[in-house]
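Below is one structure, written out as structure tokens; comments come after it.
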Amino acid sequence: MATQTAAIMQGDHHIEIGEIPRPVPGPDDVLIRVGANSICGSDLHYWHEGKIGSAVVSGAFTPGHEFAGTVVEGSGEAHGLPDGTLVAVDPAQPCGHCFWCHEGNHHLCPNMIFVGAPPYAGAMAQYIAVPASTVYPVPEGFTAAQAALLEPLGVAMHALDLAKLRPGTNLAILGAGTIGLYVLMLARISGALTLSVIDPLAYRREKALELGATAVYPDVPSYLAAVQHTPTRGADVVVEATTSPLGPRHATEAVRIGGKVILVGIPDGDEFTLTGSQVRRKGLTIKLSRRMGDIYPRAIEFVRSGRIDVTAIVTHTLPLSQVRPAFEMLADYQDHAIKVVLEP
């Protein structure tokens, strides 16, 4: 059996380079030579905790769901994809038959196969086979890194879709990681009046200012002190994109009475709490964001048109052989890391 080099995770804080079987595409699949795979916050949860909810790393597992590459070995011919076509890939494979799929909420499908979420192998490898229906050819001039980063950009777009952001909105973003910064970039061109970013790390606040934040703060009390004399004394909309179990509570503190909170972050430990009296007395609308809907065509156009530079948050590009140092760097906030792209 042919093998390939891949990242192999076996529980928390255990990842190394090894050999796994090279995939053989089925009749509805295309074989992709992976050109770029960026590390997501959910990958770090598997690294830290060995699981996210019921998705548990119970054996040798290859992570990676933010990826792109080129079609190879004639596998795309039947699908109009000649060899060498650079494609982005939606890692979500809904069943298409359940109630939620028929309702148009494919991203909520409980029967979902999601590439790079255990037990389904991901793309931190040389090759991956995926259904042709999940493949999106990208325009000429795209790089593999740009195509890979369409996935987290889509997650940020879905969060703002839920927010129904209106021109003139005062927006606050908790967390200046990948999703928080993409929300910032999208909101800036979507009519937000003020864009406040709250993050305890100075280098991430500096990046937020570079990308268009109108103000940055190290914590919610600092933000509230700055807006206490404004009419609303809080943000119209808060997007929470942290890993902290306290993030949702902080978001409900930062939002105004009658405001809206969008929870995007995955909390460490898989639990968070809210202060009941606060969210009730404020009459808040709280929505939880789950991956994304059919967003890839929009995300591609945002990048193609130059409205969004998805690579603006990439701080490091490393070979796949450096996967362990890359995870350690992100997990420990070393070297001002924000987004790391791996190249097999």
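Each chain in the structure tokens gets a letter, A, B, ..., in the order shown, and its residues are numbered from 1; ligands are numbered from 1 in order too.
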In stretch 233-309 of chain A, DSSP helix (DSSP H, G or I) residues written as JSON, numbers by chain | {"A": [247, 248, 249, 250, 251, 252, 253, 254, 268, 269, 270, 276, 277, 278, 279, 280, 281, 282, 296, 297, 298, 299, 300, 301, 302, 303, 304]}
Using only C-alpha atoms, determine which residues lie at most 8 Å from A:Pro267, disregarding the query and same-chain residues fewer than 5 positions distant; provide the list as a list in words.
-> Thr242, Thr243, Ser244, Pro245, Gly247 and Phe272 of chain A
Atom CA of A:Glu140 and atom CA of A:Gly80, how far apart in Å?
-> 16.1 Å
Using only C-alpha atoms, determine which residues lie at most 8 Å from A:Gly293, disregarding the query and same-chain residues fewer than 2 positions distant; provide the list as number ranges by chain.
-> A: 105-107, 158, 291, 295
Could you give me, as a PyMOL selection string, each residue of stretch 79-109 of chain A that DSSP assigns to strand (DSSP E) when run on this structure's backbone?
-> chain A and resi 86-89+92-93
Would you mind exporting N, CA and C atoms of the selected residues as a short mmCIF file (atom, residue, chain, number, x, y, z; two decimals), in the first residue's frame?
data_model
loop_
_atom_site.label_atom_id
_atom_site.label_comp_id
_atom_site.auth_asym_id
_atom_site.auth_seq_id
_atom_site.Cartn_x
_atom_site.Cartn_y
_atom_site.Cartn_z
N LEU A 86 -6.16 24.63 -9.03
CA LEU A 86 -6.08 24.97 -7.61
C LEU A 86 -7.49 25.11 -7.05
N VAL A 87 -7.74 24.39 -5.98
CA VAL A 87 -9.09 24.38 -5.42
C VAL A 87 -9.06 24.64 -3.91
N ALA A 88 -10.09 25.32 -3.43
CA ALA A 88 -10.39 25.38 -2.01
C ALA A 88 -11.37 24.25 -1.72
N VAL A 89 -11.41 23.84 -0.48
CA VAL A 89 -12.27 22.71 -0.11
C VAL A 89 -13.07 23.06 1.13
N ALA A 92 -16.81 20.54 5.34
CA ALA A 92 -18.09 20.01 5.80
C ALA A 92 -18.76 19.17 4.73
N GLN A 93 -19.17 17.97 5.10
CA GLN A 93 -19.87 17.06 4.19
C GLN A 93 -21.19 16.65 4.86
#
From the list A:Met329, A:Val239, A:Leu193, A:Ser54, which residue is nearest A:Val264 when using only C-alpha atoms?
-> A:Val239
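Distances from A:Ala55, A:Leu320, A:Leu149, A:Leu209 to A:Ser196 were compared using only C-alpha atoms, and the smallest one belongs to A:Leu209.
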Leaving out A:Gly11 and any residue of its chain fewer than 4 positions from it, which residues lie within 10 Å of it when counting only C-alpha atoms, given as a list in words?
-> Ile15, Tyr46, Trp47, His48, Glu49, Gly50, Lys51, Val56, Val57, Ser58, Gly59, Ala60 and Phe61 of chain A
Provide the atom CA of A:Leu342 to atom CA of A:Gly180 distance in Å, to one decimal place.
-> 20.9 Å
Would you list the contacts of A:Gln126 as a PyMOL selection string, taking every protein, DNA or RNA residue within 12 Å and counting only C-alpha atoms, but skipping same-chain residues closer than 2 positions in sequence?
-> chain A and resi 3-7+17-23+31-37+62+64+67-70+72+122-124+128-129+319-321+342-344
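Proximity of A:Gly191, A:Leu171, A:Glu206, A:Tyr217 to A:Val237, computed with only C-alpha atoms, is greatest for A:Leu171.
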Identify, on the basis of only C-alpha atoms, every residue whose closest approach to A:His316 does not exceed 10 Å; exclude the query and any residue fewer than 4 positions from it along the same chain; express the result as a ChimeraX atom specification.
-> /A:38,326,329,335-342
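Distance annotation: of A:Ile179, A:Asn170, A:Ile8, A:Asp199, the residue with the minimal separation from A:Thr230 is A:Asn170; atom set is only C-alpha atoms.
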